[in-house]
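Structure file entry35.pdb (PDB, C-alpha atoms) is printed below.
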ATOM      1  CA  ARG A 184     -11.207 -27.074 -59.474  1.00  0.00           C
ATOM      2  CA  GLU A 185      -9.353 -27.896 -62.710  1.00  0.00           C
ATOM      3  CA  GLU A 186      -6.430 -25.691 -61.721  1.00  0.00           C
ATOM      4  CA  TYR A 187      -6.035 -27.552 -58.448  1.00  0.00           C
ATOM      5  CA  ARG A 188      -6.190 -30.870 -60.260  1.00  0.00           C
ATOM      6  CA  VAL A 189      -3.328 -29.709 -62.482  1.00  0.00           C
ATOM      7  CA  ASN A 190      -1.365 -28.626 -59.414  1.00  0.00           C
ATOM      8  CA  HIS A 191      -1.839 -32.060 -57.882  1.00  0.00           C
ATOM      9  CA  ARG A 192      -0.900 -33.843 -61.092  1.00  0.00           C
ATOM     10  CA  LEU A 193       2.323 -31.855 -61.307  1.00  0.00           C
ATOM     11  CA  GLY A 194       3.043 -32.775 -57.705  1.00  0.00           C
ATOM     12  CA  THR A 195       2.965 -36.470 -58.626  1.00  0.00           C
ATOM     13  CA  PHE A 196       6.024 -35.861 -60.817  1.00  0.00           C
ATOM     14  CA  SER A 197       8.108 -34.702 -57.857  1.00  0.00           C
ATOM     15  CA  SER A 198       9.332 -38.097 -56.692  1.00  0.00           C
ATOM     16  CA  VAL A 199      12.692 -39.546 -57.693  1.00  0.00           C
ATOM     17  CA  ASP A 200      11.042 -42.598 -59.229  1.00  0.00           C
ATOM     18  CA  SER A 201       8.707 -40.585 -61.497  1.00  0.00           C
ATOM     19  CA  ARG A 202       9.408 -41.100 -65.188  1.00  0.00           C
ATOM     20  CA  ILE A 203       8.434 -37.480 -65.861  1.00  0.00           C
ATOM     21  CA  LYS A 204      10.758 -34.758 -64.593  1.00  0.00           C
ATOM     22  CA  GLN A 205       9.410 -31.237 -64.367  1.00  0.00           C
ATOM     23  CA  VAL A 206      12.085 -28.529 -64.511  1.00  0.00           C
ATOM     24  CA  SER A 207      10.649 -25.140 -63.557  1.00  0.00           C
ATOM     25  CA  LEU A 208      12.612 -22.030 -64.514  1.00  0.00           C
ATOM     26  CA  TRP A 209      12.203 -18.960 -62.302  1.00  0.00           C
ATOM     27  CA  ASP A 210      13.699 -15.990 -64.129  1.00  0.00           C
ATOM     28  CA  GLY A 211      11.429 -13.122 -63.094  1.00  0.00           C
ATOM     29  CA  ILE A 212       8.167 -12.576 -61.248  1.00  0.00           C
ATOM     30  CA  VAL A 213       6.569 -15.771 -59.899  1.00  0.00           C
ATOM     31  CA  MET A 214       3.220 -15.224 -58.196  1.00  0.00           C
ATOM     32  CA  GLY A 215      -0.184 -16.807 -57.653  1.00  0.00           C
ATOM     33  CA  GLY A 216      -1.014 -19.439 -60.238  1.00  0.00           C
ATOM     34  CA  GLY A 217       2.555 -19.375 -61.498  1.00  0.00           C
ATOM     35  CA  VAL A 218       3.677 -20.622 -58.104  1.00  0.00           C
ATOM     36  CA  GLY A 219       1.149 -23.443 -58.240  1.00  0.00           C
ATOM     37  CA  LEU A 220       2.335 -24.556 -61.679  1.00  0.00           C
ATOM     38  CA  SER A 221       6.005 -24.637 -60.710  1.00  0.00           C
ATOM     39  CA  VAL A 222       6.652 -25.050 -56.998  1.00  0.00           C
ATOM     40  CA  HIS A 223       5.382 -28.636 -56.766  1.00  0.00           C
ATOM     41  CA  GLY A 224       7.745 -29.927 -59.455  1.00  0.00           C
ATOM     42  CA  ARG A 225      10.882 -31.962 -58.883  1.00  0.00           C
ATOM     43  CA  PHE A 226      13.401 -29.336 -60.010  1.00  0.00           C
ATOM     44  CA  ARG A 227      13.034 -25.582 -59.459  1.00  0.00           C
ATOM     45  CA  VAL A 228      15.783 -23.503 -61.023  1.00  0.00           C
ATOM     46  CA  ALA A 229      16.005 -19.847 -59.987  1.00  0.00           C
ATOM     47  CA  THR A 230      18.116 -17.020 -61.369  1.00  0.00           C
ATOM     48  CA  GLU A 231      19.269 -13.732 -59.898  1.00  0.00           C
ATOM     49  CA  LYS A 232      16.200 -12.104 -61.500  1.00  0.00           C
ATOM     50  CA  VAL A 233      13.610 -14.134 -59.608  1.00  0.00           C
ATOM     51  CA  MET A 234      11.030 -12.568 -57.324  1.00  0.00           C
ATOM     52  CA  LEU A 235       8.556 -15.019 -55.842  1.00  0.00           C
ATOM     53  CA  ALA A 236       5.636 -14.031 -53.641  1.00  0.00           C
ATOM     54  CA  MET A 237       2.177 -15.103 -52.573  1.00  0.00           C
ATOM     55  CA  PRO A 238       0.558 -11.733 -51.737  1.00  0.00           C
ATOM     56  CA  GLU A 239      -3.036 -12.950 -51.693  1.00  0.00           C
ATOM     57  CA  VAL A 240      -3.702 -11.517 -48.227  1.00  0.00           C
ATOM     58  CA  GLY A 241      -3.522  -8.111 -49.897  1.00  0.00           C
ATOM     59  CA  ILE A 242      -6.665  -8.889 -51.905  1.00  0.00           C
ATOM     60  CA  GLY A 243      -8.535 -10.642 -49.143  1.00  0.00           C
ATOM     61  CA  LEU A 244      -7.556 -14.196 -50.069  1.00  0.00           C
ATOM     62  CA  PHE A 245      -4.898 -16.684 -48.910  1.00  0.00           C
ATOM     63  CA  PRO A 246      -1.977 -18.528 -50.548  1.00  0.00           C
ATOM     64  CA  ASP A 247      -3.849 -21.258 -52.400  1.00  0.00           C
ATOM     65  CA  VAL A 248      -2.838 -23.576 -55.301  1.00  0.00           C
ATOM     66  CA  GLY A 249      -1.131 -25.774 -52.706  1.00  0.00           C
ATOM     67  CA  ALA A 250       1.398 -23.066 -51.835  1.00  0.00           C
ATOM     68  CA  CYS A 251       0.935 -23.638 -48.112  1.00  0.00           C
ATOM     69  CA  HIS A 252       2.195 -27.190 -48.616  1.00  0.00           C
ATOM     70  CA  LYS A 253       5.573 -25.647 -49.444  1.00  0.00           C
ATOM     71  CA  LEU A 254       5.356 -22.704 -47.046  1.00  0.00           C
ATOM     72  CA  ALA A 255       4.913 -25.188 -44.203  1.00  0.00           C
ATOM     73  CA  THR A 256       8.272 -26.784 -45.021  1.00  0.00           C
ATOM     74  CA  MET A 257      10.248 -23.547 -44.854  1.00  0.00           C
ATOM     75  CA  PRO A 258      12.715 -23.101 -41.956  1.00  0.00           C
ATOM     76  CA  GLY A 259      11.283 -22.023 -38.627  1.00  0.00           C
ATOM     77  CA  LYS A 260       8.379 -19.630 -39.001  1.00  0.00           C
ATOM     78  CA  SER A 261       9.513 -18.156 -42.312  1.00  0.00           C
ATOM     79  CA  GLY A 262       6.576 -19.778 -44.113  1.00  0.00           C
ATOM     80  CA  GLU A 263       4.088 -18.053 -41.843  1.00  0.00           C
ATOM     81  CA  TYR A 264       5.987 -14.801 -42.332  1.00  0.00           C
ATOM     82  CA  ALA A 265       5.877 -15.133 -46.128  1.00  0.00           C
ATOM     83  CA  ALA A 266       2.160 -15.952 -46.106  1.00  0.00           C
ATOM     84  CA  LEU A 267       1.063 -13.073 -43.887  1.00  0.00           C
ATOM     85  CA  THR A 268       3.330 -10.359 -45.308  1.00  0.00           C
ATOM     86  CA  GLY A 269       3.344 -11.411 -48.967  1.00  0.00           C
ATOM     87  CA  ALA A 270       7.122 -10.901 -48.797  1.00  0.00           C
ATOM     88  CA  ARG A 271       8.994 -10.837 -52.073  1.00  0.00           C
ATOM     89  CA  LEU A 272      11.570 -13.608 -51.973  1.00  0.00           C
ATOM     90  CA  GLY A 273      14.731 -13.341 -54.028  1.00  0.00           C
ATOM     91  CA  LEU A 274      17.223 -16.024 -54.988  1.00  0.00           C
ATOM     92  CA  ALA A 275      19.025 -16.125 -51.640  1.00  0.00           C
ATOM     93  CA  ASP A 276      15.733 -16.498 -49.759  1.00  0.00           C
ATOM     94  CA  LEU A 277      14.478 -19.217 -52.095  1.00  0.00           C
ATOM     95  CA  LEU A 278      17.650 -21.236 -51.665  1.00  0.00           C
ATOM     96  CA  HIS A 279      17.603 -20.771 -47.893  1.00  0.00           C
ATOM     97  CA  ALA A 280      13.937 -21.783 -47.755  1.00  0.00           C
ATOM     98  CA  GLY A 281      14.432 -24.835 -49.952  1.00  0.00           C
ATOM     99  CA  LEU A 282      11.923 -23.571 -52.498  1.00  0.00           C
ATOM    100  CA  ALA A 283      14.578 -23.377 -55.215  1.00  0.00           C
ATOM    101  CA  THR A 284      16.547 -26.566 -55.808  1.00  0.00           C
ATOM    102  CA  HIS A 285      19.170 -25.016 -58.094  1.00  0.00           C
ATOM    103  CA  ALA A 286      20.540 -21.580 -58.945  1.00  0.00           C
ATOM    104  CA  VAL A 287      21.865 -20.484 -62.317  1.00  0.00           C
ATOM    105  CA  ALA A 288      22.685 -17.183 -63.956  1.00  0.00           C
ATOM    106  CA  SER A 289      19.947 -15.857 -66.221  1.00  0.00           C
ATOM    107  CA  LYS A 290      22.387 -15.704 -69.137  1.00  0.00           C
ATOM    108  CA  ASP A 291      22.925 -19.472 -68.898  1.00  0.00           C
ATOM    109  CA  LEU A 292      19.279 -20.509 -69.135  1.00  0.00           C
ATOM    110  CA  ASP A 293      19.234 -21.114 -72.882  1.00  0.00           C
ATOM    111  CA  ALA A 294      22.267 -23.378 -72.644  1.00  0.00           C
ATOM    112  CA  LEU A 295      20.768 -25.166 -69.656  1.00  0.00           C
ATOM    113  CA  VAL A 296      17.512 -25.840 -71.499  1.00  0.00           C
ATOM    114  CA  ASP A 297      19.459 -27.143 -74.484  1.00  0.00           C
ATOM    115  CA  ASP A 298      21.525 -29.464 -72.291  1.00  0.00           C
ATOM    116  CA  VAL A 299      18.484 -30.833 -70.474  1.00  0.00           C
ATOM    117  CA  SER A 300      16.693 -31.488 -73.763  1.00  0.00           C
ATOM    118  CA  LYS A 301      19.574 -33.709 -74.871  1.00  0.00           C
ATOM    119  CA  LEU A 302      19.445 -36.021 -71.850  1.00  0.00           C
ATOM    120  CA  ASP A 303      18.480 -39.645 -72.414  1.00  0.00           C
ATOM    121  CA  ALA A 304      14.908 -39.892 -71.166  1.00  0.00           C
ATOM    122  CA  SER A 305      14.925 -43.659 -71.698  1.00  0.00           C
ATOM    123  CA  LEU A 306      17.059 -44.092 -68.578  1.00  0.00           C
ATOM    124  CA  ALA A 307      15.508 -45.674 -65.524  1.00  0.00           C
ATOM    125  CA  PRO A 308      13.655 -43.031 -63.482  1.00  0.00           C
ATOM    126  CA  GLU A 309      16.281 -42.864 -60.731  1.00  0.00           C
ATOM    127  CA  ALA A 310      19.124 -42.634 -63.223  1.00  0.00           C
ATOM    128  CA  PHE A 311      17.300 -40.004 -65.266  1.00  0.00           C
ATOM    129  CA  ASP A 312      16.660 -38.036 -62.077  1.00  0.00           C
ATOM    130  CA  ALA A 313      20.376 -38.094 -61.261  1.00  0.00           C
ATOM    131  CA  ALA A 314      21.242 -37.040 -64.821  1.00  0.00           C
ATOM    132  CA  VAL A 315      18.906 -34.033 -64.677  1.00  0.00           C
ATOM    133  CA  ASP A 316      20.271 -33.040 -61.284  1.00  0.00           C
ATOM    134  CA  ALA A 317      23.870 -33.283 -62.516  1.00  0.00           C
ATOM    135  CA  CYS A 318      23.025 -31.239 -65.594  1.00  0.00           C
ATOM    136  CA  LEU A 319      21.427 -28.465 -63.547  1.00  0.00           C
ATOM    137  CA  SER A 320      24.191 -28.514 -60.948  1.00  0.00           C
ATOM    138  CA  LYS A 321      27.054 -27.991 -63.382  1.00  0.00           C
ATOM    139  CA  TYR A 322      26.163 -24.353 -63.957  1.00  0.00           C
ATOM    140  CA  PRO A 323      27.705 -21.862 -61.497  1.00  0.00           C
ATOM    141  CA  ALA A 324      25.282 -20.029 -59.241  1.00  0.00           C
ATOM    142  CA  PRO A 325      25.202 -16.248 -59.577  1.00  0.00           C
ATOM    143  CA  ALA A 326      26.421 -14.072 -56.737  1.00  0.00           C
ATOM    144  CA  VAL A 327      23.582 -12.856 -54.501  1.00  0.00           C
ATOM    145  CA  ASP A 328      23.143 -10.725 -51.418  1.00  0.00           C
ATOM    146  CA  PRO A 329      22.581 -12.480 -48.061  1.00  0.00           C
ATOM    147  CA  SER A 330      19.132 -13.916 -47.425  1.00  0.00           C
ATOM    148  CA  PRO A 331      16.883 -11.584 -45.385  1.00  0.00           C
ATOM    149  CA  LEU A 332      14.962 -14.652 -44.187  1.00  0.00           C
ATOM    150  CA  LYS A 333      18.152 -16.132 -42.782  1.00  0.00           C
ATOM    151  CA  GLU A 334      19.434 -12.822 -41.445  1.00  0.00           C
ATOM    152  CA  HIS A 335      16.229 -12.136 -39.517  1.00  0.00           C
ATOM    153  CA  ALA A 336      15.373 -15.751 -38.661  1.00  0.00           C
ATOM    154  CA  THR A 337      15.550 -15.228 -34.898  1.00  0.00           C
ATOM    155  CA  LEU A 338      13.076 -12.338 -35.013  1.00  0.00           C
ATOM    156  CA  ILE A 339      10.744 -14.141 -37.419  1.00  0.00           C
ATOM    157  CA  ASP A 340      10.683 -17.306 -35.330  1.00  0.00           C
ATOM    158  CA  SER A 341      10.062 -15.344 -32.146  1.00  0.00           C
ATOM    159  CA  ALA A 342       7.385 -13.003 -33.506  1.00  0.00           C
ATOM    160  CA  PHE A 343       5.397 -15.772 -35.216  1.00  0.00           C
ATOM    161  CA  ALA A 344       5.867 -18.354 -32.455  1.00  0.00           C
ATOM    162  CA  GLY A 345       2.453 -17.791 -30.905  1.00  0.00           C
ATOM    163  CA  ASN A 346       0.555 -18.792 -34.059  1.00  0.00           C
ATOM    164  CA  ASP A 347      -1.693 -15.778 -33.553  1.00  0.00           C
ATOM    165  CA  VAL A 348      -1.900 -12.726 -35.819  1.00  0.00           C
ATOM    166  CA  ALA A 349      -2.547 -10.247 -33.022  1.00  0.00           C
ATOM    167  CA  GLY A 350       0.312 -11.660 -30.980  1.00  0.00           C
ATOM    168  CA  THR A 351       2.622 -11.517 -33.972  1.00  0.00           C
ATOM    169  CA  LEU A 352       1.794  -7.856 -34.583  1.00  0.00           C
ATOM    170  CA  ALA A 353       2.405  -7.050 -30.921  1.00  0.00           C
ATOM    171  CA  ALA A 354       5.769  -8.812 -31.027  1.00  0.00           C
ATOM    172  CA  LEU A 355       6.804  -7.011 -34.210  1.00  0.00           C
ATOM    173  CA  ASP A 356       5.767  -3.647 -32.776  1.00  0.00           C
ATOM    174  CA  ALA A 357       7.722  -4.336 -29.600  1.00  0.00           C
ATOM    175  CA  ASP A 358      10.862  -5.265 -31.525  1.00  0.00           C
ATOM    176  CA  GLY A 359      11.169  -1.808 -33.037  1.00  0.00           C
ATOM    177  CA  SER A 360      13.575  -2.718 -35.836  1.00  0.00           C
ATOM    178  CA  GLU A 361      13.100  -1.568 -39.421  1.00  0.00           C
ATOM    179  CA  PHE A 362      12.528  -5.147 -40.585  1.00  0.00           C
ATOM    180  CA  ALA A 363       9.873  -5.718 -37.906  1.00  0.00           C
ATOM    181  CA  ALA A 364       8.136  -2.428 -38.731  1.00  0.00           C
ATOM    182  CA  LYS A 365       7.963  -3.294 -42.438  1.00  0.00           C
ATOM    183  CA  ALA A 366       6.576  -6.751 -41.660  1.00  0.00           C
ATOM    184  CA  ALA A 367       3.917  -5.340 -39.335  1.00  0.00           C
ATOM    185  CA  LYS A 368       2.934  -2.716 -41.900  1.00  0.00           C
ATOM    186  CA  ALA A 369       2.583  -5.371 -44.595  1.00  0.00           C
ATOM    187  CA  ILE A 370       0.334  -7.523 -42.403  1.00  0.00           C
ATOM    188  CA  ARG A 371      -1.860  -4.567 -41.433  1.00  0.00           C
ATOM    189  CA  ARG A 372      -2.177  -3.533 -45.075  1.00  0.00           C
ATOM    190  CA  GLY A 373      -3.852  -6.830 -45.894  1.00  0.00           C
ATOM    191  CA  SER A 374      -7.205  -8.234 -44.879  1.00  0.00           C
ATOM    192  CA  PRO A 375      -7.328  -9.200 -41.171  1.00  0.00           C
ATOM    193  CA  THR A 376      -9.626 -12.110 -41.990  1.00  0.00           C
ATOM    194  CA  ALA A 377      -7.382 -13.307 -44.806  1.00  0.00           C
ATOM    195  CA  ALA A 378      -4.352 -13.048 -42.517  1.00  0.00           C
ATOM    196  CA  ALA A 379      -6.005 -15.314 -39.957  1.00  0.00           C
ATOM    197  CA  VAL A 380      -7.084 -17.775 -42.660  1.00  0.00           C
ATOM    198  CA  SER A 381      -3.592 -17.783 -44.198  1.00  0.00           C
ATOM    199  CA  LEU A 382      -1.901 -18.466 -40.883  1.00  0.00           C
ATOM    200  CA  GLU A 383      -4.257 -21.336 -40.145  1.00  0.00           C
ATOM    201  CA  ALA A 384      -3.734 -22.721 -43.652  1.00  0.00           C
ATOM    202  CA  VAL A 385       0.042 -22.868 -43.197  1.00  0.00           C
ATOM    203  CA  LEU A 386      -0.283 -24.446 -39.760  1.00  0.00           C
ATOM    204  CA  ARG A 387      -2.698 -27.110 -41.010  1.00  0.00           C
ATOM    205  CA  ALA A 388      -0.456 -27.855 -43.993  1.00  0.00           C
ATOM    206  CA  GLU A 389       2.339 -29.077 -41.721  1.00  0.00           C
ATOM    207  CA  GLY A 390       2.550 -32.826 -42.209  1.00  0.00           C
ATOM    208  CA  ALA A 391      -0.350 -32.883 -44.679  1.00  0.00           C
ATOM    209  CA  THR A 392      -0.147 -34.295 -48.193  1.00  0.00           C
ATOM    210  CA  LEU A 393      -0.394 -32.032 -51.229  1.00  0.00           C
ATOM    211  CA  ALA A 394      -3.763 -33.598 -52.039  1.00  0.00           C
ATOM    212  CA  GLU A 395      -5.064 -32.755 -48.559  1.00  0.00           C
ATOM    213  CA  VAL A 396      -3.823 -29.171 -48.812  1.00  0.00           C
ATOM    214  CA  LEU A 397      -5.359 -28.664 -52.255  1.00  0.00           C
ATOM    215  CA  ARG A 398      -8.655 -30.120 -51.095  1.00  0.00           C
ATOM    216  CA  ALA A 399      -8.726 -27.641 -48.216  1.00  0.00           C
ATOM    217  CA  ASP A 400      -7.672 -24.816 -50.543  1.00  0.00           C
ATOM    218  CA  PHE A 401     -10.610 -25.490 -52.824  1.00  0.00           C
ATOM    219  CA  ARG A 402     -13.123 -25.503 -50.010  1.00  0.00           C
ATOM    220  CA  VAL A 403     -11.784 -22.363 -48.342  1.00  0.00           C
ATOM    221  CA  ALA A 404     -11.278 -20.428 -51.587  1.00  0.00           C
ATOM    222  CA  SER A 405     -14.784 -21.343 -52.780  1.00  0.00           C
ATOM    223  CA  ALA A 406     -16.228 -19.968 -49.563  1.00  0.00           C
ATOM    224  CA  MET A 407     -14.178 -16.771 -49.654  1.00  0.00           C
ATOM    225  CA  VAL A 408     -14.929 -15.842 -53.280  1.00  0.00           C
ATOM    226  CA  ALA A 409     -18.597 -16.868 -53.401  1.00  0.00           C
ATOM    227  CA  PRO A 410     -20.873 -13.873 -54.166  1.00  0.00           C
ATOM    228  CA  SER A 411     -22.969 -14.804 -51.133  1.00  0.00           C
ATOM    229  CA  SER A 412     -19.911 -15.152 -48.881  1.00  0.00           C
ATOM    230  CA  PRO A 413     -20.174 -13.587 -45.426  1.00  0.00           C
ATOM    231  CA  LEU A 414     -16.484 -12.716 -45.931  1.00  0.00           C
ATOM    232  CA  PRO A 415     -16.568  -9.995 -48.634  1.00  0.00           C
ATOM    233  CA  ASP A 416     -12.915  -8.972 -48.321  1.00  0.00           C
ATOM    234  CA  PHE A 417     -11.921 -10.660 -51.582  1.00  0.00           C
ATOM    235  CA  TYR A 418     -14.186  -8.413 -53.632  1.00  0.00           C
ATOM    236  CA  GLU A 419     -13.049  -5.331 -51.738  1.00  0.00           C
ATOM    237  CA  GLY A 420      -9.421  -6.321 -52.199  1.00  0.00           C
ATOM    238  CA  VAL A 421      -9.837  -6.827 -55.938  1.00  0.00           C
ATOM    239  CA  ARG A 422     -11.688  -3.512 -56.216  1.00  0.00           C
ATOM    240  CA  ALA A 423      -8.925  -1.603 -54.447  1.00  0.00           C
ATOM    241  CA  ALA A 424      -6.036  -3.317 -56.225  1.00  0.00           C
ATOM    242  CA  LEU A 425      -7.335  -4.020 -59.738  1.00  0.00           C
ATOM    243  CA  VAL A 426     -10.556  -2.125 -60.473  1.00  0.00           C
ATOM    244  CA  ASP A 427     -10.455   1.331 -58.907  1.00  0.00           C
ATOM    245  CA  LYS A 428      -6.763   0.955 -58.049  1.00  0.00           C
ATOM    246  CA  ASP A 429      -7.026   3.321 -55.120  1.00  0.00           C
ATOM    247  CA  ARG A 430      -4.990   0.946 -52.949  1.00  0.00           C
ATOM    248  CA  ASN A 431      -7.297   1.765 -50.068  1.00  0.00           C
ATOM    249  CA  PRO A 432      -9.371  -1.312 -49.249  1.00  0.00           C
ATOM    250  CA  GLN A 433     -11.983  -0.978 -46.540  1.00  0.00           C
ATOM    251  CA  TRP A 434     -11.782  -4.360 -44.853  1.00  0.00           C
TER     252      TRP A 434
END
Target encoding structure tokens, full file:
Amino acid sequence: REEYRVNHRLGTFSSVDSRIKQVSLWDGIVMGGGVGLSVHGRFRVATEKVMLAMPEVGIGLFPDVGACHKLATMPGKSGEYAALTGARLGLADLLHAGLATHAVASKDLDALVDDVSKLDASLAPEAFDAAVDACLSKYPAPAVDPSPLKEHATLIDSAFAGNDVAGTLAALDADGSEFAAKAAKAIRRGSPTAAAVSLEAVLRAEGATLAEVLRADFRVASAMVAPSSPLPDFYEGVRAALVDKDRNPQW
């Protein structure tokens, strides 16, 4: 509960008129709770080293910490794709999806942090917001490969259009491409129950406030991880991934 409260509090800093500006730096692996602590902030700066994912389906859970609030805003059905496959998103994908607000080379991060720290925080909120944005924008973005999300957008939108896991798997199987096969394999590797819950979570997050999404996250996560839960996939997923490490969950 406290973690979700922190996530919500950070989300209140995301408006232009907030006097507090959160600048999140993504310079490596960003997963799980790290997503919740950074993705709701006003500025999200990613480097060429970033790799962001929410692979909770693989341990019988769903993208919580308000992540679905952001996944629901991604272009087309790419948010549903990311939730069900746990896809690892690089810089190009994060920019395409709108999850990253700025891009900067990893080597420039120290200078960027120094520049931001020197800004006049006594400015009016809107002026301070513009100053932070200008500071982050002055650094050249590193060269990156094309975004897989953008490249395969037509397939993703078509395969996930039915808002049904079974239908999505059938569509991916029918496509026959390497990208579709990898996506289908990733979905099947995870918990079927968690996949259905994750899809519904993204769909319900569309148009919802962050507070509403976090409230739902808490209720659903509490039910899925409770020792008496009729949905034991979380414990099986943790066993297979973190305890025995046999990578062979029996869902």
Handout entry: Hits from the PyMOL selection byres ((chain A and resi 394-396) around 12), listed as a PyMOL selection string
Key = chain A and resi 187-195+223+246-255+383-393+397-404
Restrict the selected residues to C-alpha atoms and save them as a tab-separated table (two decimals), in the frame of the given file.
chain	number	residue	atom	x	y	z
A	187	TYR	CA	-6.04	-27.55	-58.45
A	188	ARG	CA	-6.19	-30.87	-60.26
A	189	VAL	CA	-3.33	-29.71	-62.48
A	190	ASN	CA	-1.36	-28.63	-59.41
A	191	HIS	CA	-1.84	-32.06	-57.88
A	192	ARG	CA	-0.90	-33.84	-61.09
A	193	LEU	CA	2.32	-31.86	-61.31
A	194	GLY	CA	3.04	-32.78	-57.70
A	195	THR	CA	2.96	-36.47	-58.63
A	223	HIS	CA	5.38	-28.64	-56.77
A	246	PRO	CA	-1.98	-18.53	-50.55
A	247	ASP	CA	-3.85	-21.26	-52.40
A	248	VAL	CA	-2.84	-23.58	-55.30
A	249	GLY	CA	-1.13	-25.77	-52.71
A	250	ALA	CA	1.40	-23.07	-51.84
A	251	CYS	CA	0.94	-23.64	-48.11
A	252	HIS	CA	2.19	-27.19	-48.62
A	253	LYS	CA	5.57	-25.65	-49.44
A	254	LEU	CA	5.36	-22.70	-47.05
A	255	ALA	CA	4.91	-25.19	-44.20
A	383	GLU	CA	-4.26	-21.34	-40.15
A	384	ALA	CA	-3.73	-22.72	-43.65
A	385	VAL	CA	0.04	-22.87	-43.20
A	386	LEU	CA	-0.28	-24.45	-39.76
A	387	ARG	CA	-2.70	-27.11	-41.01
A	388	ALA	CA	-0.46	-27.86	-43.99
A	389	GLU	CA	2.34	-29.08	-41.72
A	390	GLY	CA	2.55	-32.83	-42.21
A	391	ALA	CA	-0.35	-32.88	-44.68
A	392	THR	CA	-0.15	-34.30	-48.19
A	393	LEU	CA	-0.39	-32.03	-51.23
A	397	LEU	CA	-5.36	-28.66	-52.26
A	398	ARG	CA	-8.65	-30.12	-51.10
A	399	ALA	CA	-8.73	-27.64	-48.22
A	400	ASP	CA	-7.67	-24.82	-50.54
A	401	PHE	CA	-10.61	-25.49	-52.82
A	402	ARG	CA	-13.12	-25.50	-50.01
A	403	VAL	CA	-11.78	-22.36	-48.34
A	404	ALA	CA	-11.28	-20.43	-51.59
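What separates atom CA of A:Leu302 from atom CA of A:Ala326 is a distance of 27.5 Å.
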Handout entry: Best match for closeness to A:Leu352 among A:Ala378, A:Leu425, A:Leu332, A:Leu319, counting all atoms listed in the file
Key = A:Ala378
Handout entry: Neighbours of point (15.5, -22.7, -70.3) within 12 Å, using only C-alpha atoms, written as a ChimeraX atom specification
Key = /A:206-210,227-230,287-300,319
How close does each residue of stretch 240-335 of chain A get to stretch 339-345 of chain A, giving the shortest atom pair and distance in Å to one decimal for every residue with an atom at most 10 Å away, counting all atoms listed in the file, sorted by chain and residue number, as a tab-separated table?
residue	atom	partner	partner_atom	distance
A:Pro258	CA	A:Asp340	CA	9.0
A:Gly259	CA	A:Asp340	CA	5.8
A:Lys260	CA	A:Asp340	CA	4.9
A:Ser261	CA	A:Ile339	CA	6.4
A:Gly262	CA	A:Ile339	CA	9.7
A:Glu263	CA	A:Phe343	CA	7.1
A:Tyr264	CA	A:Ile339	CA	6.9
A:Leu332	CA	A:Ile339	CA	8.0
A:Lys333	CA	A:Ile339	CA	9.4
A:Glu334	CA	A:Ile339	CA	9.7
A:His335	CA	A:Ile339	CA	6.2
Practice task
Tell me, in Å to one decimal, how far atom CA of A:Met234 is from atom CA of A:Ala324.
Solution key: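 Computing it gives 16.2 Å between the two atoms.
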Handout entry: For A:Ile242: contacts at 12 Å, all atoms listed in the file, fewer than 2 positions along chain excluded, given as a ChimeraX atom specification
Key = /A:215,237-240,244-246,267,269,370,372-378,407-408,415-426,428,430-434
Residues matched by the PyMOL selection byres ((chain A and resi 316) around 10) as a PDB file with C-alpha atoms, in the frame of the given file:
ATOM      1  CA  VAL A 206      12.085 -28.529 -64.511  1.00  0.00           C
ATOM      2  CA  ARG A 225      10.882 -31.962 -58.883  1.00  0.00           C
ATOM      3  CA  PHE A 226      13.401 -29.336 -60.010  1.00  0.00           C
ATOM      4  CA  THR A 284      16.547 -26.566 -55.808  1.00  0.00           C
ATOM      5  CA  HIS A 285      19.170 -25.016 -58.094  1.00  0.00           C
ATOM      6  CA  VAL A 299      18.484 -30.833 -70.474  1.00  0.00           C
ATOM      7  CA  ALA A 310      19.124 -42.634 -63.223  1.00  0.00           C
ATOM      8  CA  PHE A 311      17.300 -40.004 -65.266  1.00  0.00           C
ATOM      9  CA  ASP A 312      16.660 -38.036 -62.077  1.00  0.00           C
ATOM     10  CA  ALA A 313      20.376 -38.094 -61.261  1.00  0.00           C
ATOM     11  CA  ALA A 314      21.242 -37.040 -64.821  1.00  0.00           C
ATOM     12  CA  VAL A 315      18.906 -34.033 -64.677  1.00  0.00           C
ATOM     13  CA  ALA A 317      23.870 -33.283 -62.516  1.00  0.00           C
ATOM     14  CA  CYS A 318      23.025 -31.239 -65.594  1.00  0.00           C
ATOM     15  CA  LEU A 319      21.427 -28.465 -63.547  1.00  0.00           C
ATOM     16  CA  SER A 320      24.191 -28.514 -60.948  1.00  0.00           C
ATOM     17  CA  LYS A 321      27.054 -27.991 -63.382  1.00  0.00           C
TER      18      LYS A 321
END
Handout entry: Nearest residue to A:Val233 from the set A:Lys301, A:Lys204, A:Arg184, A:Arg271 (distances using only C-alpha atoms)
Key =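 Selected residue with least distance to A:Val233: A:Arg271.
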